[in-house]
$ cat entry.pdb   # PDB, C-alpha atoms
ATOM      1  CA  MET R   1     -18.403 -16.145   8.306
ATOM      2  CA  LYS R   2     -15.196 -16.455   6.292
ATOM      3  CA  PHE R   3     -12.403 -14.065   7.260
ATOM      4  CA  ALA R   4      -9.143 -13.129   5.575
ATOM      5  CA  VAL R   5      -6.524 -11.235   7.551
ATOM      6  CA  GLN R   6      -3.577  -9.072   6.569
ATOM      7  CA  ILE R   7      -0.765  -8.330   9.039
ATOM      8  CA  ASN R   8       1.423  -5.334   8.227
ATOM      9  CA  GLY R   9       3.435  -4.928  11.421
ATOM     10  CA  SER R  10       6.530  -6.807  12.573
ATOM     11  CA  PRO R  11       6.259  -8.940  15.730
ATOM     12  CA  TYR R  12       8.124  -6.598  18.071
ATOM     13  CA  ALA R  13       7.596  -3.074  16.717
ATOM     14  CA  GLY R  14       3.906  -2.725  17.530
ATOM     15  CA  PRO R  15       0.673  -4.445  18.450
ATOM     16  CA  ALA R  16      -0.302  -5.764  14.985
ATOM     17  CA  GLY R  17       0.842  -9.354  15.554
ATOM     18  CA  GLU R  18      -0.650  -9.749  19.004
ATOM     19  CA  MET R  19      -3.941  -8.113  18.009
ATOM     20  CA  ALA R  20      -4.217 -10.230  14.892
ATOM     21  CA  TYR R  21      -3.490 -13.385  16.843
ATOM     22  CA  GLN R  22      -6.127 -12.591  19.477
ATOM     23  CA  PHE R  23      -8.605 -11.692  16.732
ATOM     24  CA  VAL R  24      -8.060 -14.934  14.834
ATOM     25  CA  VAL R  25      -8.336 -17.028  18.005
ATOM     26  CA  ALA R  26     -11.576 -15.241  18.939
ATOM     27  CA  ALA R  27     -13.025 -15.609  15.434
ATOM     28  CA  LEU R  28     -12.249 -19.319  15.347
ATOM     29  CA  SER R  29     -13.673 -19.913  18.817
ATOM     30  CA  SER R  30     -16.894 -18.195  17.717
ATOM     31  CA  GLY R  31     -17.262 -20.702  14.907
ATOM     32  CA  HIS R  32     -15.948 -18.548  12.051
ATOM     33  CA  THR R  33     -13.452 -19.664   9.439
ATOM     34  CA  VAL R  34     -10.154 -17.917   8.720
ATOM     35  CA  LEU R  35      -9.106 -18.661   5.148
ATOM     36  CA  GLN R  36      -5.794 -16.873   4.952
ATOM     37  CA  ILE R  37      -3.374 -14.674   6.855
ATOM     38  CA  PHE R  38      -1.312 -12.544   4.489
ATOM     39  CA  PHE R  39       1.924 -11.046   5.804
ATOM     40  CA  TYR R  40       2.948  -7.817   4.098
ATOM     41  CA  PHE R  41       5.245  -4.822   4.716
ATOM     42  CA  ASP R  42       7.248  -5.560   7.924
ATOM     43  CA  GLY R  43       4.672  -8.212   8.799
ATOM     44  CA  ILE R  44       6.806 -10.683   6.849
ATOM     45  CA  TYR R  45       9.087 -10.972   9.897
ATOM     46  CA  HIS R  46       6.422 -13.173  11.501
ATOM     47  CA  GLY R  47       7.606 -15.954   9.208
ATOM     48  CA  LEU R  48      11.335 -15.754   9.905
ATOM     49  CA  ALA R  49      12.510 -19.295  10.716
ATOM     50  CA  ALA R  50      15.361 -18.571  13.100
ATOM     51  CA  GLN R  51      13.483 -16.445  15.622
ATOM     52  CA  MET R  52      14.479 -17.729  19.061
ATOM     53  CA  PRO R  53      13.035 -15.545  21.781
ATOM     54  CA  PRO R  54      13.647 -16.618  25.393
ATOM     55  CA  GLY R  55      11.384 -19.472  26.471
ATOM     56  CA  ASP R  56       9.198 -17.328  28.708
ATOM     57  CA  GLU R  57       8.292 -14.914  25.879
ATOM     58  CA  ARG R  58       5.688 -15.111  23.117
ATOM     59  CA  GLN R  59       6.777 -17.396  20.301
ATOM     60  CA  PHE R  60       5.100 -15.556  17.417
ATOM     61  CA  THR R  61       6.252 -17.737  14.562
ATOM     62  CA  HIS R  62       5.578 -21.031  16.314
ATOM     63  CA  ARG R  63       2.199 -19.764  17.545
ATOM     64  CA  TRP R  64       1.063 -18.973  13.974
ATOM     65  CA  HIS R  65       2.243 -22.350  12.767
ATOM     66  CA  GLU R  66       0.279 -24.219  15.470
ATOM     67  CA  LEU R  67      -2.855 -22.135  14.957
ATOM     68  CA  ALA R  68      -2.719 -22.587  11.187
ATOM     69  CA  ARG R  69      -2.069 -26.335  11.408
ATOM     70  CA  LYS R  70      -5.000 -26.974  13.750
ATOM     71  CA  ASN R  71      -7.411 -24.747  11.824
ATOM     72  CA  ASN R  72      -6.267 -25.172   8.259
ATOM     73  CA  ILE R  73      -5.294 -21.527   7.724
ATOM     74  CA  ASP R  74      -3.131 -20.566   4.757
ATOM     75  CA  LEU R  75      -0.160 -18.492   6.035
ATOM     76  CA  VAL R  76       1.138 -16.529   3.056
ATOM     77  CA  ILE R  77       4.174 -14.252   3.023
ATOM     78  CA  CYS R  78       4.465 -11.764   0.181
ATOM     79  CA  ILE R  79       7.421 -12.648  -2.010
ATOM     80  CA  SER R  80       8.443  -9.130  -2.998
ATOM     81  CA  ALA R  81       8.221  -7.765   0.566
ATOM     82  CA  ALA R  82      10.134 -10.821   1.845
ATOM     83  CA  GLN R  83      12.934 -10.641  -0.729
ATOM     84  CA  ARG R  84      13.405  -6.935  -0.138
ATOM     85  CA  ARG R  85      13.929  -7.678   3.579
ATOM     86  CA  GLY R  86      16.115 -10.744   3.140
ATOM     87  CA  LEU R  87      13.650 -13.503   3.955
ATOM     88  CA  LEU R  88      14.215 -16.198   1.329
ATOM     89  CA  SER R  89      12.605 -19.594   0.922
ATOM     90  CA  LEU R  90      14.946 -22.446   0.026
ATOM     91  CA  GLU R  91      13.877 -22.344  -3.651
ATOM     92  CA  GLU R  92      14.461 -18.621  -3.914
ATOM     93  CA  SER R  93      17.811 -18.707  -2.133
ATOM     94  CA  ARG R  94      18.995 -21.474  -4.532
ATOM     95  CA  ARG R  95      18.044 -19.208  -7.427
ATOM     96  CA  GLN R  96      20.292 -16.558  -5.871
ATOM     97  CA  ASN R  97      23.131 -19.061  -5.282
ATOM     98  CA  ARG R  98      22.640 -18.940  -1.567
ATOM     99  CA  ALA R  99      21.929 -21.603   1.005
ATOM    100  CA  ASP R 100      19.517 -19.912   3.432
ATOM    101  CA  GLN R 101      16.147 -21.307   4.356
ATOM    102  CA  ASP R 102      14.603 -18.382   6.187
ATOM    103  CA  LEU R 103      10.965 -19.417   5.911
ATOM    104  CA  ALA R 104       9.486 -20.870   9.102
ATOM    105  CA  PRO R 105       7.489 -24.131   8.963
ATOM    106  CA  GLY R 106       3.796 -23.659   8.237
ATOM    107  CA  PHE R 107       4.304 -20.544   6.099
ATOM    108  CA  ARG R 108       4.515 -20.286   2.329
ATOM    109  CA  ILE R 109       5.787 -17.545   0.056
ATOM    110  CA  SER R 110       3.600 -16.282  -2.756
ATOM    111  CA  GLY R 111       2.572 -13.159  -4.612
ATOM    112  CA  LEU R 112       0.132 -10.330  -4.056
ATOM    113  CA  GLY R 113      -2.363 -12.183  -6.241
ATOM    114  CA  GLN R 114      -3.007 -14.418  -3.232
ATOM    115  CA  LEU R 115      -4.026 -11.370  -1.234
ATOM    116  CA  VAL R 116      -6.449 -10.257  -3.932
ATOM    117  CA  GLU R 117      -7.926 -13.759  -4.147
ATOM    118  CA  ALA R 118      -8.396 -13.882  -0.381
ATOM    119  CA  THR R 119     -10.318 -10.592  -0.444
ATOM    120  CA  ILE R 120     -12.552 -12.039  -3.152
ATOM    121  CA  ASN R 121     -13.247 -15.309  -1.307
ATOM    122  CA  ALA R 122     -13.660 -13.944   2.206
ATOM    123  CA  ASP R 123     -16.804 -12.333   3.605
ATOM    124  CA  ARG R 124     -14.680  -9.965   5.696
ATOM    125  CA  PHE R 125     -11.129  -8.731   5.200
ATOM    126  CA  ILE R 126      -9.343  -7.298   8.258
ATOM    127  CA  VAL R 127      -6.050  -5.385   8.165
ATOM    128  CA  PHE R 128      -3.765  -5.086  11.188
ATOM    129  CA  PRO R 129      -1.572  -2.081  10.354
ATOM    130  CA  GLY R 130       2.086  -1.591  11.131
ATOM    131  CA  SER R 131       3.550   1.696  12.275
TER     132      SER R 131
ATOM    133  CA  MET S 132     -18.116  -7.410  -8.003
ATOM    134  CA  LYS S 133     -16.554  -6.129  -4.795
ATOM    135  CA  ARG S 134     -15.379  -2.533  -4.688
ATOM    136  CA  TYR S 135     -12.047  -1.712  -3.040
ATOM    137  CA  LEU S 136     -10.911   1.425  -1.256
ATOM    138  CA  VAL S 137      -7.256   1.885  -0.358
ATOM    139  CA  ILE S 138      -6.453   4.472   2.328
ATOM    140  CA  MET S 139      -3.274   6.403   1.520
ATOM    141  CA  SER S 140      -2.128   8.026   4.751
ATOM    142  CA  HIS S 141       1.678   7.714   4.730
ATOM    143  CA  PRO S 142       4.153  10.380   3.610
ATOM    144  CA  PRO S 143       5.693   9.601   0.208
ATOM    145  CA  HIS S 144       9.371   8.948   0.906
ATOM    146  CA  GLY S 145       9.774   8.318   4.633
ATOM    147  CA  SER S 146       9.625   4.561   4.096
ATOM    148  CA  ILE S 147       8.949   1.902   1.477
ATOM    149  CA  HIS S 148       5.285   1.967   2.492
ATOM    150  CA  VAL S 149       3.779   3.906  -0.414
ATOM    151  CA  GLN S 150       5.730   1.938  -2.988
ATOM    152  CA  GLU S 151       4.535  -1.366  -1.515
ATOM    153  CA  GLN S 152       0.984  -0.005  -1.335
ATOM    154  CA  LEU S 153       1.198   0.865  -5.018
ATOM    155  CA  ASP S 154       2.240  -2.734  -5.715
ATOM    156  CA  VAL S 155      -1.006  -3.887  -4.089
ATOM    157  CA  ILE S 156      -3.054  -1.364  -6.074
ATOM    158  CA  LEU S 157      -1.451  -2.408  -9.364
ATOM    159  CA  THR S 158      -2.022  -6.090  -8.560
ATOM    160  CA  MET S 159      -5.687  -5.422  -7.849
ATOM    161  CA  ALA S 160      -5.979  -3.518 -11.111
ATOM    162  CA  ALA S 161      -4.291  -6.425 -12.928
ATOM    163  CA  PHE S 162      -6.992  -8.690 -11.464
ATOM    164  CA  ASP S 163      -9.630  -6.314 -12.895
ATOM    165  CA  ARG S 164     -10.798  -5.173  -9.467
ATOM    166  CA  SER S 165     -12.470  -1.805  -9.080
ATOM    167  CA  VAL S 166     -10.080   0.213  -6.888
ATOM    168  CA  SER S 167     -10.552   3.706  -5.452
ATOM    169  CA  LEU S 168      -8.021   5.642  -3.387
ATOM    170  CA  LEU S 169      -8.529   8.009  -0.457
ATOM    171  CA  PHE S 170      -5.651  10.334   0.470
ATOM    172  CA  LEU S 171      -5.590  11.698   4.001
ATOM    173  CA  ASP S 172      -3.247  12.848   6.774
ATOM    174  CA  GLU S 173       0.396  12.805   5.576
ATOM    175  CA  GLY S 174      -0.798  10.864   2.524
ATOM    176  CA  VAL S 175      -1.849  14.105   0.820
ATOM    177  CA  PHE S 176       1.854  14.751   0.116
ATOM    178  CA  GLN S 177       1.978  11.668  -2.116
ATOM    179  CA  LEU S 178       0.428  13.647  -4.968
ATOM    180  CA  LEU S 179       2.282  16.919  -4.483
ATOM    181  CA  ARG S 180       3.489  18.148  -7.864
ATOM    182  CA  GLY S 181       7.206  18.817  -8.349
ATOM    183  CA  GLN S 182       8.543  16.395  -5.744
ATOM    184  CA  THR S 183      11.558  14.233  -6.409
ATOM    185  CA  ALA S 184      13.048  11.320  -4.485
ATOM    186  CA  GLN S 185      16.320  11.439  -6.389
ATOM    187  CA  GLN S 186      18.555  12.287  -3.440
ATOM    188  CA  TYR S 187      17.184   9.331  -1.458
ATOM    189  CA  GLN S 188      17.662   6.885  -4.345
ATOM    190  CA  HIS S 189      14.022   6.067  -3.848
ATOM    191  CA  LYS S 190      11.551   5.202  -6.596
ATOM    192  CA  GLU S 191       9.608   8.160  -7.984
ATOM    193  CA  THR S 192       6.189   7.172  -6.730
ATOM    194  CA  VAL S 193       4.532  10.168  -8.389
ATOM    195  CA  ALA S 194       5.343   8.610 -11.769
ATOM    196  CA  ILE S 195       3.506   5.453 -10.700
ATOM    197  CA  PHE S 196       0.509   7.499  -9.555
ATOM    198  CA  ASP S 197       0.496   9.251 -12.929
ATOM    199  CA  ALA S 198       0.282   5.847 -14.633
ATOM    200  CA  LEU S 199      -2.658   4.590 -12.541
ATOM    201  CA  ALA S 200      -5.236   5.940 -14.988
ATOM    202  CA  LEU S 201      -3.897   3.484 -17.584
ATOM    203  CA  TYR S 202      -5.057   0.738 -15.217
ATOM    204  CA  ASP S 203      -8.476   2.373 -14.754
ATOM    205  CA  VAL S 204      -7.623   3.468 -11.227
ATOM    206  CA  ASP S 205      -9.082   6.955 -11.505
ATOM    207  CA  ASP S 206     -11.591   7.286  -8.678
ATOM    208  CA  LEU S 207      -9.400   9.347  -6.341
ATOM    209  CA  TRP S 208     -10.488  11.198  -3.191
ATOM    210  CA  VAL S 209      -8.667  13.569  -0.880
ATOM    211  CA  GLU S 210      -9.828  14.675   2.564
ATOM    212  CA  THR S 211     -10.329  18.451   2.555
ATOM    213  CA  GLU S 212      -9.227  18.946   6.175
ATOM    214  CA  SER S 213      -5.969  17.023   5.611
ATOM    215  CA  LEU S 214      -5.155  19.231   2.616
ATOM    216  CA  MET S 215      -5.843  22.366   4.644
ATOM    217  CA  GLU S 216      -3.835  21.157   7.648
ATOM    218  CA  LYS S 217      -0.800  20.651   5.391
ATOM    219  CA  GLY S 218      -1.328  24.009   3.689
ATOM    220  CA  LEU S 219      -1.977  22.453   0.294
ATOM    221  CA  SER S 220      -4.567  23.090  -2.387
ATOM    222  CA  LEU S 221      -6.024  20.820  -5.067
ATOM    223  CA  GLU S 222      -4.156  22.780  -7.756
ATOM    224  CA  GLN S 223      -0.814  21.622  -6.302
ATOM    225  CA  LEU S 224      -1.649  17.961  -6.799
ATOM    226  CA  THR S 225      -0.489  16.022  -9.812
ATOM    227  CA  LEU S 226      -3.769  14.164 -10.450
ATOM    228  CA  PRO S 227      -7.426  15.190 -10.532
ATOM    229  CA  VAL S 228      -8.782  14.169  -7.125
ATOM    230  CA  LYS S 229     -12.206  14.769  -5.642
ATOM    231  CA  PRO S 230     -12.238  16.640  -2.308
ATOM    232  CA  ILE S 231     -14.328  15.171   0.474
ATOM    233  CA  ALA S 232     -15.023  16.578   3.947
ATOM    234  CA  ARG S 233     -13.958  14.577   7.014
ATOM    235  CA  LEU S 234     -17.606  14.259   8.044
ATOM    236  CA  GLU S 235     -18.458  12.586   4.727
ATOM    237  CA  ILE S 236     -15.714   9.952   4.843
ATOM    238  CA  ASN S 237     -17.811   7.493   6.798
ATOM    239  CA  ALA S 238     -20.502   7.593   4.130
ATOM    240  CA  LEU S 239     -17.884   7.232   1.375
ATOM    241  CA  MET S 240     -16.378   4.172   3.053
ATOM    242  CA  SER S 241     -19.747   2.495   3.465
ATOM    243  CA  GLY S 242     -19.982   2.296  -0.334
ATOM    244  CA  PHE S 243     -17.037  -0.116  -0.494
ATOM    245  CA  ASP S 244     -16.822  -3.843   0.227
ATOM    246  CA  VAL S 245     -13.121  -4.045   1.066
ATOM    247  CA  ILE S 246     -11.090  -1.280   2.712
ATOM    248  CA  LEU S 247      -7.315  -1.523   2.939
ATOM    249  CA  GLY S 248      -5.712   0.799   5.450
ATOM    250  CA  GLY S 249      -2.403   0.679   7.241
TER     251      GLY S 249
END

$ encode --input "entry.pdb" --output "structure tokens"
Amino acid sequence: MKFAVQINGSPYAGPAGEMAYQFVVAALSSGHTVLQIFFYFDGIYHGLAAQMPPGDERQFTHRWHELARKNNIDLVICISAAQRRGLLSLEESRRQNRADQDLAPGFRISGLGQLVEATINADRFIVFPGS
Amino acid sequence: MKRYLVIMSHPPHGSIHVQEQLDVILTMAAFDRSVSLLFLDEGVFQLLRGQTAQQYQHKETVAIFDALALYDVDDLWVETESLMEKGLSLEQLTLPVKPIARLEINALMSGFDVILGG
């Protein structure tokens, strides 16, 4: 079965990220495909490049990158939610005359159209809510 | 074509949530998807007539709800128990919404292919 996932909660404010991660790992290990993970609302903080938690803690951003790379999952961060919260890709920050690159490796920034497309292409669409 | 149901359960101006949910709804409508909305819990306040977000410098989400019909988003439901718990009646809402009892929500949801909550 083809899944698409939406994550609406930030890594540290609730269980959305951990639950989504465990769900995706379980789905993949059962032979399912995960087409896309769409990060919306405060979920966009999963793709913040400079997150450096202590080494003995969960590395959310790195974990998504590894999982996506090995399983060919499209990690999409919503552009409007990201800009509102100050997460800019290099292209966008140049447009704003800034120099940040806030987008972690393995993620891409795109619009809500990608979310709609994922719901069309997937057999099941699962939302992990924020607070 | 898949049918979409969006669950509206957040209060209108406590966060950016409703505004960002409306962005999703408008995008779906722009992609010619069939979108229905279900208002429950604190979400019933989203349609309360006469509200203003002026003092919070927040977008007037009621104006966006009023425009949804232009995008053919007009299949709107509200949970009867949520309305009663908040002391509201259908007449106080800014759009025509269909009341549905809590016990019937499961059956309503089963008629949709994609449900967006949270």

$ interface_residues --input "entry.pdb" --of "chain R" --to "chain S" --cutoff "10 Å" --atoms "all atoms listed in the file" --output "PyMOL selection string"
chain R and resi 6-9+40-42+80-81+111-117+119-120+122-131

$ resolve_selection --input "entry.pdb" --expression "the PyMOL selection byres ((chain R and resi 23) around 12)" --output "JSON list (two decimals) with C-alpha atoms, in the frame of the given file"
[["chain", "number", "residue", "atom", "x", "y", "z"],
["R", 3, "PHE", "CA", -12.40, -14.06, 7.26],
["R", 4, "ALA", "CA", -9.14, -13.13, 5.58],
["R", 5, "VAL", "CA", -6.52, -11.24, 7.55],
["R", 6, "GLN", "CA", -3.58, -9.07, 6.57],
["R", 7, "ILE", "CA", -0.76, -8.33, 9.04],
["R", 15, "PRO", "CA", 0.67, -4.44, 18.45],
["R", 16, "ALA", "CA", -0.30, -5.76, 14.98],
["R", 17, "GLY", "CA", 0.84, -9.35, 15.55],
["R", 18, "GLU", "CA", -0.65, -9.75, 19.00],
["R", 19, "MET", "CA", -3.94, -8.11, 18.01],
["R", 20, "ALA", "CA", -4.22, -10.23, 14.89],
["R", 21, "TYR", "CA", -3.49, -13.38, 16.84],
["R", 22, "GLN", "CA", -6.13, -12.59, 19.48],
["R", 24, "VAL", "CA", -8.06, -14.93, 14.83],
["R", 25, "VAL", "CA", -8.34, -17.03, 18.00],
["R", 26, "ALA", "CA", -11.58, -15.24, 18.94],
["R", 27, "ALA", "CA", -13.02, -15.61, 15.43],
["R", 28, "LEU", "CA", -12.25, -19.32, 15.35],
["R", 29, "SER", "CA", -13.67, -19.91, 18.82],
["R", 30, "SER", "CA", -16.89, -18.20, 17.72],
["R", 32, "HIS", "CA", -15.95, -18.55, 12.05],
["R", 33, "THR", "CA", -13.45, -19.66, 9.44],
["R", 34, "VAL", "CA", -10.15, -17.92, 8.72],
["R", 37, "ILE", "CA", -3.37, -14.67, 6.86],
["R", 126, "ILE", "CA", -9.34, -7.30, 8.26],
["R", 127, "VAL", "CA", -6.05, -5.38, 8.16],
["R", 128, "PHE", "CA", -3.76, -5.09, 11.19]]

$ resolve_selection --input "entry.pdb" --expression "the PyMOL selection byres ((chain R and resi 63) around 12)" --output "list in words"
Pro11, Gly17, Glu18, Ala20, Tyr21, Gln22, Val24, Val25, His46, Gly47, Gln51, Glu57, Arg58, Gln59, Phe60, Thr61, His62, Trp64, His65, Glu66, Leu67, Ala68, Arg69, Lys70, Leu75, Ala104, Pro105, Gly106 and Phe107 of chain R

$ closest_residue --input "entry.pdb" --among "R:Asn97, R:Ser110, R:Asn71, R:Asn121" --to "Ile44 of chain R" --atoms "only C-alpha atoms"
R:Ser110

$ resolve_selection --input "entry.pdb" --expression "the PyMOL selection byres ((chain S and resi 240) around 12)" --output "PyMOL selection string"
chain S and resi 134-138+167-169+208+231+233-239+241-248

$ atom_distance --input "entry.pdb" --atom1 "atom CA of His144 of chain S" --atom2 "atom CA of Ser165 of chain S"
26.3 Å

$ atom_distance --input "entry.pdb" --atom1 "atom CA of Leu153 of chain S" --atom2 "atom CA of Leu224 of chain S"
17.4 Å

$ residues_near_point --input "entry.pdb" --point "(-5.0, 20.6, 10.3)" --cutoff "12 Å" --atoms "only C-alpha atoms" --output "list in words"
Leu171, Asp172, Glu173, Val175, Glu210, Thr211, Glu212, Ser213, Leu214, Met215, Glu216, Lys217, Gly218, Leu219 and Arg233 of chain S

$ closest_residue --input "entry.pdb" --among "S:Phe176, S:Pro142, S:Pro227, S:Thr183" --to "Asp206 of chain S" --atoms "only C-alpha atoms"
S:Pro227

$ closest_residue --input "entry.pdb" --among "S:Tyr187, S:Val166, S:Thr225, S:Leu178" --to "Gly145 of chain S" --atoms "all atoms listed in the file"
S:Tyr187

$ atom_distance --input "entry.pdb" --atom1 "atom CA of Leu179 of chain S" --atom2 "atom CA of Arg84 of chain R"
26.7 Å

$ closest_residue --input "entry.pdb" --among "S:Leu207, S:Asp163, S:Tyr202, S:Thr192" --to "Arg180 of chain S" --atoms "only C-alpha atoms"
S:Thr192
